[in-house]
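Source file: start.txt (compact mmCIF, C-alpha atoms)
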```
# COMPACT_ATOMS: atom_id res chain seq x y z
CA MET A 153 164.43 -67.31 11.69
CA ILE A 154 165.28 -63.70 12.52
CA ALA A 155 168.20 -63.64 10.07
CA LYS A 156 166.20 -65.23 7.24
CA ALA A 157 163.21 -62.96 7.90
CA LYS A 158 165.45 -59.91 7.49
CA VAL A 159 166.81 -60.92 4.09
CA VAL A 160 163.38 -62.07 2.91
CA ASN A 161 161.80 -58.76 3.96
CA LEU A 162 164.44 -56.83 2.01
CA ALA A 163 163.87 -59.01 -1.06
CA LEU A 164 160.07 -58.61 -0.83
CA ASP A 165 160.38 -54.83 -0.49
CA LYS A 166 162.57 -54.75 -3.59
CA ALA A 167 160.33 -57.14 -5.55
CA VAL A 168 157.13 -55.08 -5.11
CA PRO A 169 158.09 -51.38 -5.31
CA LEU A 170 155.55 -48.58 -5.34
CA GLN A 171 154.56 -47.69 -8.90
CA HIS A 172 151.48 -46.72 -10.91
CA PRO A 173 148.69 -47.49 -10.13
CA VAL A 174 149.81 -46.63 -6.63
CA LYS A 175 146.70 -47.81 -4.77
CA ILE A 176 147.04 -51.46 -5.78
CA ARG A 177 150.76 -51.49 -5.02
CA GLU A 178 150.12 -49.90 -1.63
CA ALA A 179 147.54 -52.57 -0.82
CA MET A 180 149.90 -55.36 -1.95
CA ARG A 181 152.76 -53.97 0.12
CA TYR A 182 150.54 -53.29 3.15
CA SER A 183 149.89 -56.99 3.72
CA LEU A 184 153.10 -58.37 2.20
CA LEU A 185 155.38 -56.24 4.38
CA ALA A 186 153.24 -56.31 7.55
CA GLY A 187 155.65 -58.64 9.33
CA GLY A 188 154.88 -62.27 9.96
CA LYS A 189 157.20 -65.15 10.81
CA ARG A 190 158.28 -65.86 7.19
CA VAL A 191 158.11 -69.59 7.91
CA ARG A 192 157.49 -70.56 4.26
CA PRO A 193 160.40 -68.61 2.79
CA ALA A 194 162.66 -69.91 5.58
CA LEU A 195 161.65 -73.50 4.73
CA CYS A 196 162.32 -72.86 1.04
CA LEU A 197 165.78 -71.40 1.66
CA ALA A 198 166.73 -74.08 4.19
CA ALA A 199 165.73 -76.91 1.84
CA CYS A 200 167.71 -75.39 -1.02
CA GLU A 201 170.81 -74.97 1.13
CA LEU A 202 170.46 -78.47 2.57
CA VAL A 203 170.89 -80.08 -0.87
CA GLY A 204 173.76 -77.85 -1.96
CA GLY A 205 172.03 -74.76 -3.33
CA ASP A 206 172.40 -71.20 -2.10
CA GLU A 207 170.15 -68.52 -0.67
CA GLU A 208 170.43 -66.10 -3.59
CA THR A 209 169.29 -68.68 -6.13
CA ALA A 210 166.25 -69.71 -4.07
CA MET A 211 165.23 -66.19 -2.99
CA PRO A 212 162.79 -65.53 -5.88
CA ALA A 213 160.94 -68.75 -5.05
CA ALA A 214 161.04 -67.96 -1.33
CA CYS A 215 159.50 -64.55 -2.03
CA ALA A 216 156.90 -66.14 -4.29
CA VAL A 217 155.60 -68.51 -1.60
CA GLU A 218 155.27 -65.57 0.79
CA MET A 219 153.35 -63.60 -1.86
CA ILE A 220 150.98 -66.54 -2.30
CA HIS A 221 150.62 -66.98 1.45
CA THR A 222 149.82 -63.27 1.81
CA MET A 223 147.22 -63.55 -0.95
CA SER A 224 145.56 -66.40 0.94
CA LEU A 225 145.44 -64.29 4.13
CA ILE A 226 143.96 -61.26 2.35
CA HIS A 227 141.25 -63.39 0.74
CA ASP A 228 140.68 -65.49 3.88
CA ASP A 229 139.95 -62.34 5.90
CA LEU A 230 137.28 -61.02 3.51
CA PRO A 231 133.68 -60.72 4.74
CA CYS A 232 132.59 -63.46 2.34
CA MET A 233 135.16 -65.85 3.86
CA ASP A 234 136.30 -65.63 7.51
CA ASN A 235 135.25 -61.97 7.93
CA ASP A 236 138.20 -60.96 10.11
CA ASP A 237 139.25 -57.45 11.14
CA LEU A 238 142.75 -58.20 12.46
CA ARG A 239 145.83 -59.76 10.89
CA ARG A 240 149.44 -59.63 12.12
CA GLY A 241 148.31 -57.12 14.74
CA GLN A 242 147.00 -54.68 12.11
CA PRO A 243 143.59 -54.02 10.49
CA THR A 244 143.02 -56.47 7.65
CA ASN A 245 143.54 -55.36 4.06
CA HIS A 246 139.87 -54.85 3.22
CA LYS A 247 139.39 -52.76 6.35
CA VAL A 248 142.04 -50.33 5.11
CA TYR A 249 141.58 -50.40 1.32
CA GLY A 250 138.06 -51.77 0.82
CA GLU A 251 136.91 -55.19 -0.33
CA ASP A 252 137.34 -54.46 -4.04
CA THR A 253 140.98 -53.43 -3.70
CA ALA A 254 141.73 -56.28 -1.28
CA VAL A 255 140.47 -58.86 -3.79
CA LEU A 256 142.60 -57.30 -6.54
CA ALA A 257 145.66 -57.04 -4.27
CA GLY A 258 145.42 -60.77 -3.58
CA ASP A 259 144.95 -61.53 -7.27
CA ALA A 260 147.96 -59.38 -8.16
CA LEU A 261 150.20 -61.06 -5.59
CA LEU A 262 149.21 -64.52 -6.83
CA SER A 263 149.90 -63.82 -10.49
CA PHE A 264 153.07 -61.87 -9.77
CA SER A 265 154.50 -64.73 -7.68
CA PHE A 266 154.81 -66.96 -10.75
CA GLU A 267 156.17 -64.12 -12.89
CA HIS A 268 158.78 -63.42 -10.20
CA ILE A 269 160.04 -67.02 -10.18
CA ALA A 270 160.19 -67.21 -13.97
CA ARG A 271 161.96 -63.88 -14.41
CA GLU A 272 164.27 -63.68 -11.41
CA THR A 273 165.50 -67.27 -10.87
CA LYS A 274 169.06 -67.32 -12.26
CA GLY A 275 171.48 -70.15 -12.94
CA VAL A 276 168.89 -72.93 -12.69
CA PRO A 277 168.05 -75.17 -15.70
CA THR A 278 164.73 -74.22 -17.28
CA ASP A 279 163.25 -77.70 -16.76
CA ARG A 280 163.75 -77.32 -13.00
CA VAL A 281 162.22 -73.83 -13.00
CA LEU A 282 159.23 -75.20 -14.94
CA ARG A 283 158.86 -78.04 -12.43
CA VAL A 284 158.87 -75.49 -9.60
CA ILE A 285 156.13 -73.43 -11.26
CA CYS A 286 153.99 -76.53 -11.90
CA PHE A 287 154.39 -77.83 -8.34
CA LEU A 288 153.56 -74.46 -6.83
CA GLY A 289 150.55 -73.97 -9.12
CA LYS A 290 149.11 -77.32 -8.07
CA ALA A 291 149.70 -76.53 -4.39
CA VAL A 292 147.56 -73.39 -4.48
CA GLY A 293 144.82 -74.45 -6.92
CA SER A 294 141.82 -76.74 -6.83
CA GLU A 295 144.00 -79.71 -5.80
CA GLY A 296 145.66 -77.80 -2.97
CA LEU A 297 144.90 -74.65 -1.01
CA VAL A 298 141.60 -73.92 -2.76
CA ALA A 299 140.42 -77.51 -2.21
CA GLY A 300 141.07 -77.19 1.50
CA GLN A 301 139.40 -73.80 1.65
CA ILE A 302 136.19 -74.91 -0.08
CA VAL A 303 135.81 -78.01 2.13
CA ASP A 304 136.51 -75.83 5.17
CA ILE A 305 133.72 -73.42 4.18
CA ALA A 306 131.31 -76.28 3.50
CA SER A 307 132.11 -77.82 6.91
CA GLU A 308 131.22 -74.78 9.02
CA GLY A 309 128.47 -75.59 11.50
CA ASP A 310 128.42 -79.26 10.44
CA SER A 311 128.55 -81.33 13.62
CA SER A 312 129.16 -84.52 11.63
CA VAL A 313 132.62 -83.39 10.47
CA GLY A 314 135.20 -85.87 11.74
CA LEU A 315 138.98 -86.23 11.84
CA GLU A 316 139.23 -87.47 8.24
CA THR A 317 137.59 -84.33 6.83
CA LEU A 318 139.51 -82.09 9.22
CA GLU A 319 142.81 -83.62 8.12
CA TYR A 320 141.83 -83.21 4.46
CA VAL A 321 141.15 -79.50 5.07
CA HIS A 322 144.44 -78.90 6.84
CA ILE A 323 146.61 -80.97 4.50
CA HIS A 324 145.26 -78.98 1.54
CA LYS A 325 144.58 -75.55 3.04
CA THR A 326 147.77 -75.25 5.12
CA ALA A 327 150.22 -78.11 4.52
CA ALA A 328 150.15 -77.95 0.71
CA LEU A 329 151.84 -74.55 0.53
CA LEU A 330 154.30 -75.46 3.29
CA GLU A 331 155.16 -78.65 1.39
CA ALA A 332 155.56 -76.67 -1.82
CA SER A 333 157.89 -74.23 -0.06
CA VAL A 334 160.24 -77.06 0.90
CA VAL A 335 159.98 -79.04 -2.33
CA ILE A 336 160.58 -76.11 -4.69
CA GLY A 337 163.59 -75.07 -2.61
CA ALA A 338 164.94 -78.61 -2.97
CA ILE A 339 164.28 -78.69 -6.73
CA ILE A 340 166.07 -75.36 -7.21
CA GLY A 341 169.00 -76.63 -5.13
CA GLY A 342 169.38 -79.72 -7.35
CA ALA A 343 168.01 -82.41 -5.03
CA ASN A 344 167.64 -85.98 -6.31
CA GLU A 345 164.26 -87.75 -6.29
CA GLU A 346 164.79 -89.52 -2.95
CA GLU A 347 165.73 -86.23 -1.31
CA ILE A 348 162.70 -84.48 -2.81
CA ASP A 349 160.44 -87.30 -1.58
CA ARG A 350 161.86 -87.21 1.96
CA LEU A 351 161.67 -83.43 2.15
CA GLY A 352 158.11 -83.49 0.84
CA ARG A 353 157.08 -85.92 3.57
CA TYR A 354 158.89 -83.83 6.19
CA ALA A 355 156.95 -80.79 5.01
CA ARG A 356 153.57 -82.57 5.04
CA TYR A 357 154.10 -83.50 8.68
CA VAL A 358 155.28 -79.97 9.47
CA GLY A 359 152.33 -78.49 7.58
CA LEU A 360 149.82 -80.53 9.55
CA LEU A 361 151.74 -79.71 12.73
CA PHE A 362 151.46 -76.00 11.93
CA GLN A 363 147.68 -76.24 11.78
CA VAL A 364 147.31 -78.41 14.89
CA VAL A 365 149.34 -75.82 16.82
CA ASP A 366 147.23 -73.06 15.23
CA ASP A 367 144.08 -74.77 16.53
CA ILE A 368 145.59 -75.08 20.01
CA LEU A 369 146.68 -71.42 20.09
CA ASP A 370 143.24 -70.32 18.92
CA VAL A 371 141.73 -71.57 22.18
CA THR A 372 144.63 -70.88 24.56
CA LYS A 373 145.87 -67.41 23.55
CA SER A 374 144.37 -63.92 23.39
CA SER A 375 143.91 -61.79 20.27
CA ALA A 376 146.69 -59.49 21.51
CA GLU A 377 149.09 -62.43 21.85
CA LEU A 378 148.17 -63.91 18.46
CA GLY A 379 148.01 -60.67 16.45
CA LYS A 380 144.71 -61.93 15.01
CA THR A 381 141.25 -62.66 16.35
CA ALA A 382 141.37 -65.47 18.91
CA GLY A 383 138.55 -68.00 19.25
CA LYS A 384 137.15 -67.31 15.78
CA ASP A 385 136.99 -71.03 14.88
CA LEU A 386 134.89 -71.65 17.97
CA LEU A 387 132.56 -68.79 17.06
CA ALA A 388 132.21 -70.08 13.49
CA ASP A 389 131.50 -73.58 14.86
CA LYS A 390 134.38 -75.07 12.87
CA ALA A 391 135.86 -78.50 13.49
CA THR A 392 139.29 -78.20 15.11
CA TYR A 393 141.69 -80.66 16.71
CA PRO A 394 140.96 -79.48 20.27
CA LYS A 395 137.23 -79.73 19.55
CA LEU A 396 137.49 -83.30 18.22
CA LEU A 397 140.41 -84.67 20.27
CA GLY A 398 140.50 -82.43 23.31
CA LEU A 399 143.38 -80.12 24.20
CA GLU A 400 145.76 -82.67 25.74
CA ARG A 401 145.41 -85.23 22.94
CA SER A 402 145.90 -82.42 20.42
CA LYS A 403 149.19 -81.52 22.11
CA GLU A 404 150.25 -85.20 22.02
CA PHE A 405 149.36 -85.35 18.31
CA ALA A 406 151.52 -82.27 17.69
CA GLN A 407 154.46 -83.93 19.48
CA ASN A 408 154.07 -87.09 17.36
CA LEU A 409 154.00 -85.04 14.15
CA THR A 410 157.22 -83.27 15.19
CA VAL A 411 158.97 -86.62 15.72
CA LYS A 412 157.72 -87.99 12.37
CA ALA A 413 158.82 -84.84 10.54
CA LYS A 414 162.34 -85.08 11.94
CA GLU A 415 162.56 -88.79 11.05
CA GLN A 416 162.25 -87.89 7.36
CA LEU A 417 165.52 -85.96 7.57
CA SER A 418 167.55 -88.95 8.81
CA ILE A 419 169.14 -89.50 5.35
CA PHE A 420 170.78 -86.07 5.42
CA ASP A 421 173.89 -84.80 7.18
CA GLN A 422 172.40 -83.75 10.52
CA LEU A 423 174.51 -80.62 10.78
CA LYS A 424 173.26 -79.44 7.38
CA ALA A 425 169.71 -80.49 8.30
CA ALA A 426 169.84 -78.50 11.56
CA PRO A 427 167.84 -75.51 10.20
CA LEU A 428 164.95 -77.76 9.10
CA LEU A 429 165.11 -79.78 12.32
CA GLY A 430 165.02 -76.51 14.24
CA LEU A 431 162.15 -75.18 12.14
CA ALA A 432 160.07 -78.22 13.11
CA ASP A 433 160.66 -77.37 16.78
CA TYR A 434 159.99 -73.70 16.11
CA ILE A 435 156.61 -74.50 14.54
CA ALA A 436 155.74 -76.95 17.33
CA ASN A 437 156.59 -74.47 20.10
CA ARG A 438 155.49 -71.17 18.58
CA GLN A 439 153.28 -68.93 20.70
CA ASN A 440 151.53 -66.97 17.93
```

Would it be possible to restate this file's structure as structure tokens?
Amino acid sequence: MIAKAKVVNLALDKAVPLQHPVKIREAMRYSLLAGGKRVRPALCLAACELVGGDEETAMPAACAVEMIHTMSLIHDDLPCMDNDDLRRGQPTNHKVYGEDTAVLAGDALLSFSFEHIARETKGVPTDRVLRVICFLGKAVGSEGLVAGQIVDIASEGDSSVGLETLEYVHIHKTAALLEASVVIGAIIGGANEEEIDRLGRYARYVGLLFQVVDDILDVTKSSAELGKTAGKDLLADKATYPKLLGLERSKEFAQNLTVKAKEQLSIFDQLKAAPLLGLADYIANRQN
């Protein structure tokens, strides 16, 4: 994770240089280069390498998923959404640059992510690049991330929200982009349909796992440990796994998701699959 984060950070820095108009580029870079675990790019690169591709070929797509993820964080933190002041241990984008610039910075990162894939992906047949763009677009639109976000907003303060709605929110809001990260890496690497299907299922389990762990950390860690505001879901009266299942059953659910995710990788050489197997454990055991 540390090694991949380093190369991804260098690629992101190069992809979004400072240029006119400086303010929007500063705002984009402020959130994009603020650190973070780089889980999504790591998943993208690992999936590509698993099926025979290489890091350099997948790097534009890996950067693109991080740009999209950063956009979602900028927008999620806005006063009209989650109204958060802290992200990755730093003031949120709108606290530094204002709400208007934060909205535009997110918009710019989203649109640039697709441009970056189309322009910078080299040595991959155009039909595969097009498939990547289509898959990623669906993952972040009204059938993916946005769908999860709107149901999440509508569910705030609703005591009738159950596990089915909660799972819908997390599969779309969180897991969709994680799944896309893995699948587009596999497509770029030349995976066959069975491999793409298995990797997609692995990523859906990992994506749901990521959110279950997030819910657990939200009630067990401090803001200083998380680098973002702790307990905000509780304050917003949102449905979470600990709220609906209890803390211990939530931890058991996370363990089961980890096992199911790893099972999907059984068709691959286990040595080559080691990074993705390790990433599942990393996500399950992360502390922030």

- Residue nearest A:Cys232 among A:Glu201, A:Ala163, A:Ile305, A:Ser263 (counting only C-alpha atoms): A:Ile305

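Between atom CA of A:Leu330 and atom CA of A:Ala299 the separation is 15.1 Å.
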
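Nearest to A:Leu396 of all the residues A:Ser311, A:Thr209, A:Thr222, A:Thr244 is A:Ser311, based on only C-alpha atoms.
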
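For A:Phe405, the list of residues within 12 Å, based on all atoms listed in the file and with local chain neighbours fewer than 4 positions off taken out, reads A:Tyr357, A:Val358, A:Leu360, A:Leu361, A:Phe362, A:Gln363, A:Val364, A:Val365, A:Asp367, A:Ile368, A:Tyr393, A:Pro394, A:Leu397, A:Gly398, A:Leu399, A:Glu400, A:Arg401, A:Leu409, A:Thr410, A:Val411, A:Lys412, A:Ala436.
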
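Near A:Arg283, within 12 Å and counting all atoms listed in the file, sit Phe266, Ile269, Ala270, Val276, Pro277, Thr278, Asp279, Phe287, Leu288, Gly289, Lys290, Ala332, Val335, Ile336, Gly337, Ala338, Ile339, Ile340 and Gly342 of chain A; same-chain residues fewer than 4 positions away were not included.
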
Write out the residues from the selection above, keeping C-alpha atoms, as a PDB file, in the frame of the given file.
```pdb
ATOM      1  CA  PHE A 266     154.810 -66.960 -10.750  1.00  0.00           C
ATOM      2  CA  ILE A 269     160.040 -67.020 -10.180  1.00  0.00           C
ATOM      3  CA  ALA A 270     160.190 -67.210 -13.970  1.00  0.00           C
ATOM      4  CA  VAL A 276     168.890 -72.930 -12.690  1.00  0.00           C
ATOM      5  CA  PRO A 277     168.050 -75.170 -15.700  1.00  0.00           C
ATOM      6  CA  THR A 278     164.730 -74.220 -17.280  1.00  0.00           C
ATOM      7  CA  ASP A 279     163.250 -77.700 -16.760  1.00  0.00           C
ATOM      8  CA  PHE A 287     154.390 -77.830  -8.340  1.00  0.00           C
ATOM      9  CA  LEU A 288     153.560 -74.460  -6.830  1.00  0.00           C
ATOM     10  CA  GLY A 289     150.550 -73.970  -9.120  1.00  0.00           C
ATOM     11  CA  LYS A 290     149.110 -77.320  -8.070  1.00  0.00           C
ATOM     12  CA  ALA A 332     155.560 -76.670  -1.820  1.00  0.00           C
ATOM     13  CA  VAL A 335     159.980 -79.040  -2.330  1.00  0.00           C
ATOM     14  CA  ILE A 336     160.580 -76.110  -4.690  1.00  0.00           C
ATOM     15  CA  GLY A 337     163.590 -75.070  -2.610  1.00  0.00           C
ATOM     16  CA  ALA A 338     164.940 -78.610  -2.970  1.00  0.00           C
ATOM     17  CA  ILE A 339     164.280 -78.690  -6.730  1.00  0.00           C
ATOM     18  CA  ILE A 340     166.070 -75.360  -7.210  1.00  0.00           C
ATOM     19  CA  GLY A 342     169.380 -79.720  -7.350  1.00  0.00           C
TER      20      GLY A 342
END
```

- Between atom CA of A:Arg181 and atom CA of A:Ala155, distance in Å (one decimal): 20.8 Å

- Find, counting all atoms listed in the file, the residue in A:Ser312, A:Arg177, A:Leu282, A:Gly204 that gets nearest to A:Tyr249. A:Arg177

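Atom CA of A:Val303 sits 23.5 Å away from atom CA of A:His246.
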
- Query: Hey, what's within 12 Å of stretch 416-420 of chain A if we count all atoms listed in the file and toss same-chain stuff fewer than 4 positions away? As number ranges by chain, please?
  - Reply: A: 199, 201-204, 343, 346-358, 409-412, 424-430, 432

What would the file look like if the residues just selected were written as a PDB file, in the frame of the given file with C-alpha atoms?
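Below you can see again.pdb, which holds the result:
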```pdb
ATOM      1  CA  ALA A 199     165.730 -76.910   1.840  1.00  0.00           C
ATOM      2  CA  GLU A 201     170.810 -74.970   1.130  1.00  0.00           C
ATOM      3  CA  LEU A 202     170.460 -78.470   2.570  1.00  0.00           C
ATOM      4  CA  VAL A 203     170.890 -80.080  -0.870  1.00  0.00           C
ATOM      5  CA  GLY A 204     173.760 -77.850  -1.960  1.00  0.00           C
ATOM      6  CA  ALA A 343     168.010 -82.410  -5.030  1.00  0.00           C
ATOM      7  CA  GLU A 346     164.790 -89.520  -2.950  1.00  0.00           C
ATOM      8  CA  GLU A 347     165.730 -86.230  -1.310  1.00  0.00           C
ATOM      9  CA  ILE A 348     162.700 -84.480  -2.810  1.00  0.00           C
ATOM     10  CA  ASP A 349     160.440 -87.300  -1.580  1.00  0.00           C
ATOM     11  CA  ARG A 350     161.860 -87.210   1.960  1.00  0.00           C
ATOM     12  CA  LEU A 351     161.670 -83.430   2.150  1.00  0.00           C
ATOM     13  CA  GLY A 352     158.110 -83.490   0.840  1.00  0.00           C
ATOM     14  CA  ARG A 353     157.080 -85.920   3.570  1.00  0.00           C
ATOM     15  CA  TYR A 354     158.890 -83.830   6.190  1.00  0.00           C
ATOM     16  CA  ALA A 355     156.950 -80.790   5.010  1.00  0.00           C
ATOM     17  CA  ARG A 356     153.570 -82.570   5.040  1.00  0.00           C
ATOM     18  CA  TYR A 357     154.100 -83.500   8.680  1.00  0.00           C
ATOM     19  CA  VAL A 358     155.280 -79.970   9.470  1.00  0.00           C
ATOM     20  CA  LEU A 409     154.000 -85.040  14.150  1.00  0.00           C
ATOM     21  CA  THR A 410     157.220 -83.270  15.190  1.00  0.00           C
ATOM     22  CA  VAL A 411     158.970 -86.620  15.720  1.00  0.00           C
ATOM     23  CA  LYS A 412     157.720 -87.990  12.370  1.00  0.00           C
ATOM     24  CA  LYS A 424     173.260 -79.440   7.380  1.00  0.00           C
ATOM     25  CA  ALA A 425     169.710 -80.490   8.300  1.00  0.00           C
ATOM     26  CA  ALA A 426     169.840 -78.500  11.560  1.00  0.00           C
ATOM     27  CA  PRO A 427     167.840 -75.510  10.200  1.00  0.00           C
ATOM     28  CA  LEU A 428     164.950 -77.760   9.100  1.00  0.00           C
ATOM     29  CA  LEU A 429     165.110 -79.780  12.320  1.00  0.00           C
ATOM     30  CA  GLY A 430     165.020 -76.510  14.240  1.00  0.00           C
ATOM     31  CA  ALA A 432     160.070 -78.220  13.110  1.00  0.00           C
TER      32      ALA A 432
END
```

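For the residues A:Glu207, A:Glu272, A:Glu178, A:Asp370, ranking by smallest atom-to-atom distance to A:Ala260 using all atoms listed in the file places A:Glu178 first.
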
- Task: Find the residues around A:Asn245 up to 12 Å (all atoms listed in the file counted), leave out those fewer than 2 positions away in its own chain, and share them as a ChimeraX atom specification.
- Result: /A:176,178-186,222-231,235-243,247-258

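Taking all atoms listed in the file into account, A:Lys390 lies nearest to A:Val313 out of the set A:Leu369, A:Val313, A:Thr326, A:Glu404.
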